[in-house]
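Participant: Sending over protein-v7.csv (CSV, C-alpha atoms).
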chain,number,residue,atom,x,y,z
A,1,MET,CA,-26.7,-74.7,105.0
A,2,GLY,CA,-25.5,-72.5,107.9
A,3,GLU,CA,-22.5,-72.9,110.1
A,4,TRP,CA,-22.1,-75.7,112.7
A,5,PHE,CA,-19.4,-76.2,115.3
A,6,ILE,CA,-18.8,-79.4,117.2
A,7,GLY,CA,-16.9,-80.0,120.4
A,8,VAL,CA,-15.8,-83.4,121.6
A,9,ASP,CA,-14.8,-84.6,125.0
A,10,GLY,CA,-13.1,-88.0,124.6
A,11,GLY,CA,-12.2,-90.2,127.5
A,12,GLY,CA,-11.5,-93.8,128.3
A,13,THR,CA,-15.1,-94.8,128.9
A,14,ARG,CA,-17.2,-92.5,126.8
A,15,THR,CA,-17.1,-89.8,124.1
A,16,ARG,CA,-19.4,-86.7,124.3
A,17,ALA,CA,-20.1,-84.3,121.5
A,18,VAL,CA,-21.8,-80.9,121.6
A,19,VAL,CA,-23.2,-79.1,118.5
A,20,LEU,CA,-23.4,-75.3,118.3
A,21,ASP,CA,-25.1,-73.3,115.6
A,22,GLY,CA,-23.7,-70.3,113.9
A,23,GLU,CA,-24.7,-68.0,116.8
A,24,GLY,CA,-22.9,-70.3,119.4
A,25,ARG,CA,-26.1,-71.7,120.8
A,26,GLU,CA,-26.2,-75.4,121.8
A,27,VAL,CA,-28.3,-77.5,119.5
A,28,THR,CA,-27.8,-81.0,120.6
A,29,ARG,CA,-25.5,-83.5,122.3
A,30,ALA,CA,-24.5,-87.1,121.6
A,31,GLU,CA,-22.6,-89.8,123.4
A,32,GLY,CA,-20.5,-92.7,122.1
A,33,PRO,CA,-17.8,-95.2,123.1
A,34,GLY,CA,-14.5,-94.2,124.7
A,35,SER,CA,-11.8,-92.5,122.6
A,36,LEU,CA,-8.8,-92.5,124.8
A,37,ALA,CA,-5.8,-91.9,122.5
A,38,ASP,CA,-3.5,-94.9,122.3
A,39,PRO,CA,0.0,-94.0,121.0
A,40,ARG,CA,0.1,-97.3,119.2
A,41,ARG,CA,-3.2,-96.8,117.4
A,42,PRO,CA,-4.1,-93.1,117.2
A,43,GLU,CA,-6.6,-93.9,114.4
A,44,ALA,CA,-8.8,-95.8,116.9
A,45,ALA,CA,-9.5,-92.6,118.8
A,46,ALA,CA,-10.3,-90.8,115.6
A,47,GLU,CA,-12.7,-93.5,114.6
A,48,ALA,CA,-14.6,-93.4,117.9
A,49,ILE,CA,-14.7,-89.6,117.7
A,50,ALA,CA,-16.0,-89.7,114.1
A,51,ALA,CA,-18.9,-92.0,115.0
A,52,THR,CA,-20.0,-89.7,117.8
A,53,VAL,CA,-19.6,-86.6,115.7
A,54,ARG,CA,-21.7,-88.2,112.9
A,55,ASP,CA,-24.5,-89.1,115.4
A,56,ALA,CA,-24.5,-85.6,116.8
A,57,ALA,CA,-24.6,-84.0,113.4
A,58,ALA,CA,-27.4,-86.2,112.2
A,59,THR,CA,-29.5,-85.3,115.3
A,60,ALA,CA,-28.8,-81.6,114.8
A,61,GLY,CA,-29.6,-81.8,111.1
A,62,ALA,CA,-26.1,-80.5,110.4
A,63,ASP,CA,-24.4,-81.4,107.1
A,64,LEU,CA,-20.8,-82.6,107.2
A,65,PRO,CA,-18.2,-81.3,106.9
A,66,CYS,CA,-19.2,-78.8,109.6
A,67,THR,CA,-17.4,-75.5,109.9
A,68,GLY,CA,-15.2,-76.4,112.9
A,69,LEU,CA,-14.3,-79.4,115.0
A,70,TRP,CA,-12.3,-79.2,118.3
A,71,ALA,CA,-11.7,-82.6,119.9
A,72,ALA,CA,-10.5,-82.7,123.5
A,73,ILE,CA,-9.0,-86.2,124.1
A,74,ALA,CA,-7.4,-87.8,127.1
A,75,GLY,CA,-4.0,-89.1,126.3
A,76,VAL,CA,-2.8,-86.5,123.7
A,77,GLY,CA,-0.3,-84.7,125.9
A,78,ARG,CA,2.5,-85.8,123.6
A,79,GLU,CA,2.7,-83.8,120.3
A,80,THR,CA,3.2,-86.9,118.2
A,81,VAL,CA,0.0,-88.5,119.4
A,82,ARG,CA,-2.0,-85.3,119.2
A,83,SER,CA,-0.9,-84.6,115.6
A,84,SER,CA,-1.6,-88.2,114.5
A,85,VAL,CA,-5.1,-88.1,115.8
A,86,GLU,CA,-5.6,-84.6,114.3
A,87,MET,CA,-4.4,-85.8,110.9
A,88,ALA,CA,-6.7,-88.8,111.0
A,89,LEU,CA,-9.7,-86.7,111.8
A,90,GLU,CA,-8.8,-84.3,108.9
A,91,ARG,CA,-8.7,-87.2,106.5
A,92,MET,CA,-12.2,-88.2,107.5
A,93,GLY,CA,-13.7,-84.9,106.2
A,94,LEU,CA,-15.7,-84.2,109.3
A,95,ALA,CA,-15.0,-80.4,109.4
A,96,ARG,CA,-13.3,-77.7,107.4
A,97,HIS,CA,-11.2,-76.7,110.4
A,98,VAL,CA,-10.0,-79.4,112.8
A,99,ARG,CA,-8.0,-79.1,116.1
A,100,VAL,CA,-7.1,-81.8,118.7
A,101,GLY,CA,-6.2,-80.8,122.2
A,102,THR,CA,-6.4,-82.1,125.8
A,103,ASP,CA,-9.5,-82.5,127.9
A,104,VAL,CA,-7.7,-80.1,130.5
A,105,GLU,CA,-7.5,-77.4,127.8
A,106,ALA,CA,-11.2,-77.7,127.0
A,107,SER,CA,-12.4,-77.8,130.6
A,108,PHE,CA,-10.2,-74.7,131.4
A,109,HIS,CA,-11.6,-72.8,128.4
A,110,ASP,CA,-15.2,-73.5,129.5
A,111,ALA,CA,-14.5,-72.4,133.0
A,112,PHE,CA,-12.4,-69.3,132.4
A,113,ALA,CA,-12.2,-68.6,128.6
A,114,ASP,CA,-9.2,-66.4,128.2
A,115,GLY,CA,-9.1,-65.2,131.8
A,116,PRO,CA,-7.2,-66.2,134.9
A,117,GLY,CA,-8.0,-69.1,137.1
A,118,ILE,CA,-7.0,-72.6,138.3
A,119,LEU,CA,-8.4,-75.9,137.2
A,120,LEU,CA,-8.0,-79.0,139.3
A,121,VAL,CA,-8.8,-82.3,137.6
A,122,ALA,CA,-9.1,-85.7,139.4
A,123,GLY,CA,-10.4,-88.7,137.7
A,124,THR,CA,-8.4,-91.8,136.8
A,125,GLY,CA,-5.5,-89.4,136.7
A,126,SER,CA,-4.9,-86.0,138.1
A,127,VAL,CA,-3.5,-82.6,137.1
A,128,ALA,CA,-3.8,-78.9,138.0
A,129,TRP,CA,-3.6,-76.1,135.4
A,130,GLY,CA,-3.6,-72.4,135.9
A,131,ARG,CA,-3.3,-69.0,134.2
A,132,ASN,CA,-2.5,-65.8,136.0
A,133,GLU,CA,-3.7,-62.2,135.3
A,134,ALA,CA,-0.7,-61.6,133.0
A,135,GLY,CA,-1.6,-64.6,130.9
A,136,ARG,CA,1.3,-66.8,132.2
A,137,GLU,CA,0.3,-70.5,132.4
A,138,GLY,CA,1.5,-73.3,134.4
A,139,ARG,CA,0.9,-77.0,135.2
A,140,VAL,CA,1.4,-79.2,138.2
A,141,GLY,CA,1.0,-82.9,138.0
A,142,GLY,CA,-0.1,-84.8,134.9
A,143,TRP,CA,3.0,-87.0,135.0
A,144,GLY,CA,1.1,-90.2,134.4
A,145,SER,CA,0.7,-93.3,136.6
A,146,LEU,CA,4.4,-94.1,137.0
A,147,LEU,CA,5.6,-90.6,138.0
A,148,GLY,CA,2.5,-88.9,139.2
A,149,ASP,CA,-1.3,-89.0,139.3
A,150,GLU,CA,-1.3,-88.3,143.0
A,151,GLY,CA,-4.8,-88.1,144.5
A,152,SER,CA,-6.4,-89.7,141.5
A,153,GLY,CA,-8.7,-92.7,141.4
A,154,TYR,CA,-5.8,-94.8,140.2
A,155,ALA,CA,-3.6,-93.6,143.2
A,156,ILE,CA,-6.4,-94.3,145.6
A,157,GLY,CA,-7.0,-97.8,144.3
A,158,LEU,CA,-3.2,-98.6,144.2
A,159,ASP,CA,-2.7,-97.2,147.8
A,160,SER,CA,-5.6,-99.4,149.0
A,161,LEU,CA,-4.1,-102.5,147.4
A,162,ARG,CA,-0.7,-101.8,149.0
A,163,ARG,CA,-2.3,-101.4,152.4
A,164,VAL,CA,-4.1,-104.7,152.0
A,165,ALA,CA,-0.8,-106.4,151.1
A,166,ARG,CA,0.9,-104.9,154.2
A,167,ASN,CA,-1.9,-106.1,156.3
A,168,ALA,CA,-1.6,-109.6,154.9
A,169,ASP,CA,2.1,-109.6,155.8
A,170,GLY,CA,1.4,-108.4,159.3
A,171,ARG,CA,3.2,-105.1,158.6
A,172,GLY,CA,0.0,-103.0,158.6
A,173,PRO,CA,-3.0,-102.6,160.8
A,174,GLU,CA,-6.2,-104.5,160.5
A,175,THR,CA,-8.5,-103.0,157.9
A,176,GLN,CA,-11.9,-103.7,156.4
A,177,LEU,CA,-10.3,-103.0,153.0
A,178,ARG,CA,-8.9,-106.5,152.8
A,179,GLU,CA,-12.2,-108.4,152.8
A,180,ALA,CA,-14.0,-105.6,151.0
A,181,ILE,CA,-11.6,-105.6,148.0
A,182,LEU,CA,-11.3,-109.4,147.8
A,183,SER,CA,-15.1,-109.6,147.8
A,184,TYR,CA,-15.4,-106.9,145.1
A,185,LEU,CA,-12.9,-108.6,142.9
A,186,GLY,CA,-14.4,-112.1,143.5
A,187,ILE,CA,-11.1,-113.6,144.7
A,188,GLU,CA,-10.5,-115.7,147.8
A,189,GLY,CA,-7.1,-114.8,149.2
A,190,ALA,CA,-4.8,-111.7,149.3
A,191,ASP,CA,-2.1,-113.7,147.4
A,192,GLU,CA,-4.3,-113.6,144.3
A,193,LEU,CA,-4.0,-109.8,144.3
A,194,VAL,CA,-0.6,-110.1,142.7
A,195,THR,CA,-2.0,-111.8,139.6
A,196,TRP,CA,-5.0,-109.5,139.4
A,197,ALA,CA,-3.0,-106.3,139.8
A,198,SER,CA,-0.5,-107.3,137.2
A,199,GLN,CA,-3.2,-107.7,134.6
A,200,ALA,CA,-5.5,-104.8,135.6
A,201,ASP,CA,-5.4,-101.5,133.7
A,202,LYS,CA,-5.6,-98.1,135.3
A,203,SER,CA,-9.4,-97.8,135.1
A,204,GLU,CA,-9.8,-101.2,136.8
A,205,ILE,CA,-7.6,-100.1,139.7
A,206,ALA,CA,-9.4,-96.7,139.9
A,207,ALA,CA,-12.7,-98.6,140.0
A,208,LEU,CA,-11.8,-99.6,143.6
A,209,VAL,CA,-12.5,-96.1,144.8
A,210,PRO,CA,-16.1,-96.8,145.8
A,211,VAL,CA,-14.9,-99.8,147.9
A,212,VAL,CA,-12.5,-97.5,149.7
A,213,VAL,CA,-15.2,-94.8,150.3
A,214,GLU,CA,-17.7,-97.4,151.7
A,215,SER,CA,-15.1,-98.8,154.0
A,216,SER,CA,-14.3,-95.4,155.3
A,217,ARG,CA,-18.0,-94.7,155.9
A,218,ARG,CA,-18.1,-97.8,158.0
A,219,GLY,CA,-15.4,-96.4,160.2
A,220,ASP,CA,-12.3,-98.1,158.8
A,221,ALA,CA,-9.3,-96.0,159.8
A,222,VAL,CA,-7.0,-97.2,157.0
A,223,ALA,CA,-9.6,-96.4,154.3
A,224,GLY,CA,-10.0,-93.0,155.8
A,225,GLU,CA,-6.2,-92.4,155.7
A,226,VAL,CA,-6.2,-93.3,152.0
A,227,LEU,CA,-8.8,-90.7,151.3
A,228,VAL,CA,-7.3,-88.0,153.5
A,229,LYS,CA,-4.0,-88.5,151.7
A,230,ALA,CA,-5.7,-88.1,148.3
A,231,VAL,CA,-7.3,-84.8,149.4
A,232,GLU,CA,-3.9,-83.5,150.7
A,233,GLU,CA,-2.2,-84.4,147.4
A,234,LEU,CA,-4.9,-82.7,145.3
A,235,SER,CA,-4.9,-79.6,147.5
A,236,GLY,CA,-1.1,-79.5,147.1
A,237,HIS,CA,-1.4,-79.5,143.3
A,238,ALA,CA,-3.7,-76.5,143.4
A,239,LEU,CA,-1.7,-74.6,145.9
A,240,THR,CA,1.5,-75.2,144.0
A,241,VAL,CA,0.0,-73.7,140.9
A,242,LEU,CA,-1.2,-70.7,143.0
A,243,MET,CA,2.4,-70.2,144.3
A,244,ASN,CA,4.1,-70.8,140.9
A,245,LEU,CA,2.0,-68.2,139.1
A,246,GLY,CA,1.9,-65.6,141.9
A,247,PRO,CA,1.8,-63.0,143.0
A,248,TRP,CA,-2.0,-62.4,142.4
A,249,SER,CA,-3.8,-59.1,142.9
A,250,PHE,CA,-6.8,-61.1,144.1
A,251,PRO,CA,-7.5,-64.7,145.0
A,252,PRO,CA,-8.2,-66.6,141.8
A,253,ARG,CA,-11.2,-68.8,141.2
A,254,ILE,CA,-10.6,-72.6,141.1
A,255,ALA,CA,-12.7,-75.0,139.1
A,256,LEU,CA,-13.0,-78.7,140.0
A,257,ALA,CA,-13.4,-81.3,137.3
A,258,GLY,CA,-13.2,-85.0,136.8
A,259,GLY,CA,-15.2,-87.9,138.1
A,260,LEU,CA,-13.7,-87.8,141.7
A,261,LEU,CA,-14.6,-84.1,142.1
A,262,GLU,CA,-18.2,-84.0,140.7
A,263,PRO,CA,-20.8,-82.5,143.1
A,264,GLY,CA,-21.8,-85.0,145.7
A,265,ARG,CA,-18.6,-87.1,145.3
A,266,PRO,CA,-16.8,-88.0,148.6
A,267,LEU,CA,-13.6,-86.1,148.0
A,268,ARG,CA,-15.3,-82.9,146.8
A,269,ARG,CA,-16.5,-81.5,150.1
A,270,ALA,CA,-13.2,-82.2,151.9
A,271,LEU,CA,-11.3,-80.5,149.1
A,272,GLU,CA,-13.6,-77.5,149.1
A,273,VAL,CA,-12.9,-77.0,152.8
A,274,SER,CA,-9.2,-77.3,152.3
A,275,LEU,CA,-9.0,-74.9,149.4
A,276,SER,CA,-11.3,-72.3,151.0
A,277,GLU,CA,-8.8,-72.2,153.9
A,278,GLN,CA,-6.3,-70.9,151.4
A,279,ARG,CA,-8.7,-68.2,150.2
A,280,LEU,CA,-9.3,-69.8,146.8
A,281,ARG,CA,-12.8,-69.1,145.5
A,282,LEU,CA,-14.6,-72.1,144.1
A,283,LEU,CA,-16.2,-71.7,140.6
A,284,PRO,CA,-19.9,-72.3,141.3
A,285,ARG,CA,-20.4,-74.8,138.4
A,286,GLN,CA,-18.7,-77.9,137.0
A,287,PRO,CA,-16.6,-77.2,133.9
A,288,ASP,CA,-18.0,-78.9,130.7
A,289,ALA,CA,-15.1,-80.1,128.5
A,290,ALA,CA,-17.4,-80.8,125.6
A,291,MET,CA,-18.8,-77.3,125.7
A,292,GLY,CA,-15.3,-75.8,126.1
A,293,ALA,CA,-14.2,-77.8,123.0
A,294,ALA,CA,-17.3,-76.6,121.0
A,295,LYS,CA,-16.5,-72.9,121.9
A,296,GLN,CA,-13.0,-73.4,120.8
A,297,ALA,CA,-14.2,-75.0,117.5
A,298,ARG,CA,-16.1,-71.8,116.8
A,299,GLU,CA,-13.2,-69.6,117.7
A,300,LEU,CA,-10.9,-71.8,115.6
A,301,ALA,CA,-13.1,-71.1,112.5
A,302,VAL,CA,-13.3,-67.4,113.3
A,303,ARG,CA,-9.5,-67.1,113.4
A,304,ALA,CA,-9.2,-69.0,110.2
A,305,ALA,CA,-11.6,-66.6,108.4
A,306,ARG,CA,-9.6,-63.5,109.3
Take the structure from the file and write it as C-alpha cells.
Facilitator:
Amino acid sequence: MGEWFIGVDGGGTRTRAVVLDGEGREVTRAEGPGSLADPRRPEAAAEAIAATVRDAAATAGADLPCTGLWAAIAGVGRETVRSSVEMALERMGLARHVRVGTDVEASFHDAFADGPGILLVAGTGSVAWGRNEAGREGRVGGWGSLLGDEGSGYAIGLDSLRRVARNADGRGPETQLREAILSYLGIEGADELVTWASQADKSEIAALVPVVVESSRRGDAVAGEVLVKAVEELSGHALTVLMNLGPWSFPPRIALAGGLLEPGRPLRRALEVSLSEQRLRLLPRQPDAAMGAAKQARELAVRAAR
C-alpha cells in the first residue's frame, strides 16, 4: 500500500492539496473550494479540506487514511479554532496522523525548513514571521482587520474608500479613484459607498486593489500614495522582525508570500527595492504553503514513529 503524505493550503477562495509518496516526492496536486476557518463553524473548513484531500488521494492512487495530513488554514491563529478543525479532520479518518496549523507556518517551513529567515505575507491580510540563528522566533502584525493588517489588500481597499469619501466631502484632493471605484462597484454616487462598505466582507474590499493599481498607473497621485503607504507598512513589518530577533551574524534571507507579493504584482518590485536597501537578501523563489504542509505531514509521521 505504501506511505502517502498530504499537505493542504486552505484559504478564503481556494484549497490546494499536495500528495507526497513515501520518499517525499511530489505525486500530484488538487484544488478545491475555500476553507477559511470560521470560529462559528469550524466543521465547514474541515469538510472543504476533506473534499480536496479525497480528490488528491484519488488522483494519486493513494488509499485513505494516508500516513500523515498537515493542513495549513487561514483563520486558525486561535487555539480553540485550530483544535476544533483538527478534531473534525481526525473524525473523518483521512489520515493516521493529523495536524492543523497556519498558512504562515507552512510557507515558512517550505522557505526555510528549520533554519533562520524572515517571511513576509501580504494578501487579504498581512503578517511577518521570523526565526533567528539561535532558533528564537517572532511575529509582527497578524492582528486582524480591526487592529492591524497594514499594507494588506484589505488595508489598500479601505484606504482608497476613505480617500474617496474625503474627496466627496471636499476634504481631500481630486482623484480618479472616485469614478474608478464607483464604476467598478456599479453604483452611481459616493453616498452609496456607505451601504456597500457596511455589507462588504474583507475579500470584497481587498478586491479593490486592481482598481487602485490601475488608477496609479494612469498617474493618479492619491492612488499612488495609497500604494506607497502599503509598501512602507510591509517593509516596516519585516524590518521590525529583523530588529526584534537581532543581532544577526549575517543578513537573513526574506521570503515574500501572498497574493499581493507574487512575482509580477505591483507591490513586489517596490518592496524588493526597499528591503534590499536594508541588506535583506530575497529568497529567489515563492514559498509554497501546500508543499510546506506536505513536508510537515511527512515529518509529523516520522516523529510519531519514533
Participant: Report, in Å to a single decimal, how far apart atom CA of Gly151 of chain A and atom CA of Gly186 of chain A are.
Facilitator: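 Separation between atom CA of Gly186 of chain A and atom CA of Gly151 of chain A: 25.9 Å.
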Participant: What is the atom CA of Arg54 of chain A to atom CA of Gly68 of chain A distance in Å?
Facilitator: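 Going from atom CA of Arg54 of chain A over to atom CA of Gly68 of chain A covers 13.5 Å.
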Participant: Rounded to one decimal, what separation in Å do you get between atom CA of Gly219 of chain A and atom CA of Thr195 of chain A?
Facilitator: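 Separating atom CA of Gly219 of chain A from atom CA of Thr195 of chain A is a distance of 29.0 Å.
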Participant: Just checking: using only C-alpha atoms, which residue out of A:Gly189, A:Gly12, A:Gly117, A:Pro65 ends up closest to Ala48 of chain A?
Facilitator: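 The shortest atom-to-atom distance to Ala48 of chain A comes from A:Gly12.
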Participant: From the options A:Glu262, A:Glu105, A:Glu31, A:Asp159, which residue's atoms come nearest to Arg139 of chain A, counting all atoms listed in the file?
Facilitator: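 For Arg139 of chain A, the nearest of the given residues is A:Glu105.
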Participant: Give as a ChimeraX atom specification the set of residues within 6 Å of the point (-8.0, -83.2, 113.4), where distances use the file's coordinates and all atoms listed in the file.
Facilitator: /A:86-87,89-90,98-100
Participant: Can you work out which one of A:Lys295, A:Arg163, A:Arg269, A:Arg41 has the shortest atom-to-atom distance to Gly22 of chain A, counting all atoms listed in the file?
Facilitator: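 Closest to Gly22 of chain A of all the choices is A:Lys295.
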Participant: Could you pull out every residue with an atom within 6 Å of (-17.2, -84.9, 109.6), file coordinates, counting all atoms listed in the file, and send them as number ranges by chain?
Facilitator: A: 64-65, 93-95
Participant: As a PyMOL selection string, please: the residues near Met243 of chain A (cut-off 12 Å, only C-alpha atoms, same-chain neighbours under 5 positions excluded).
Facilitator: chain A and resi 118+130-132+138-140+236-238+248+251-252+278+280
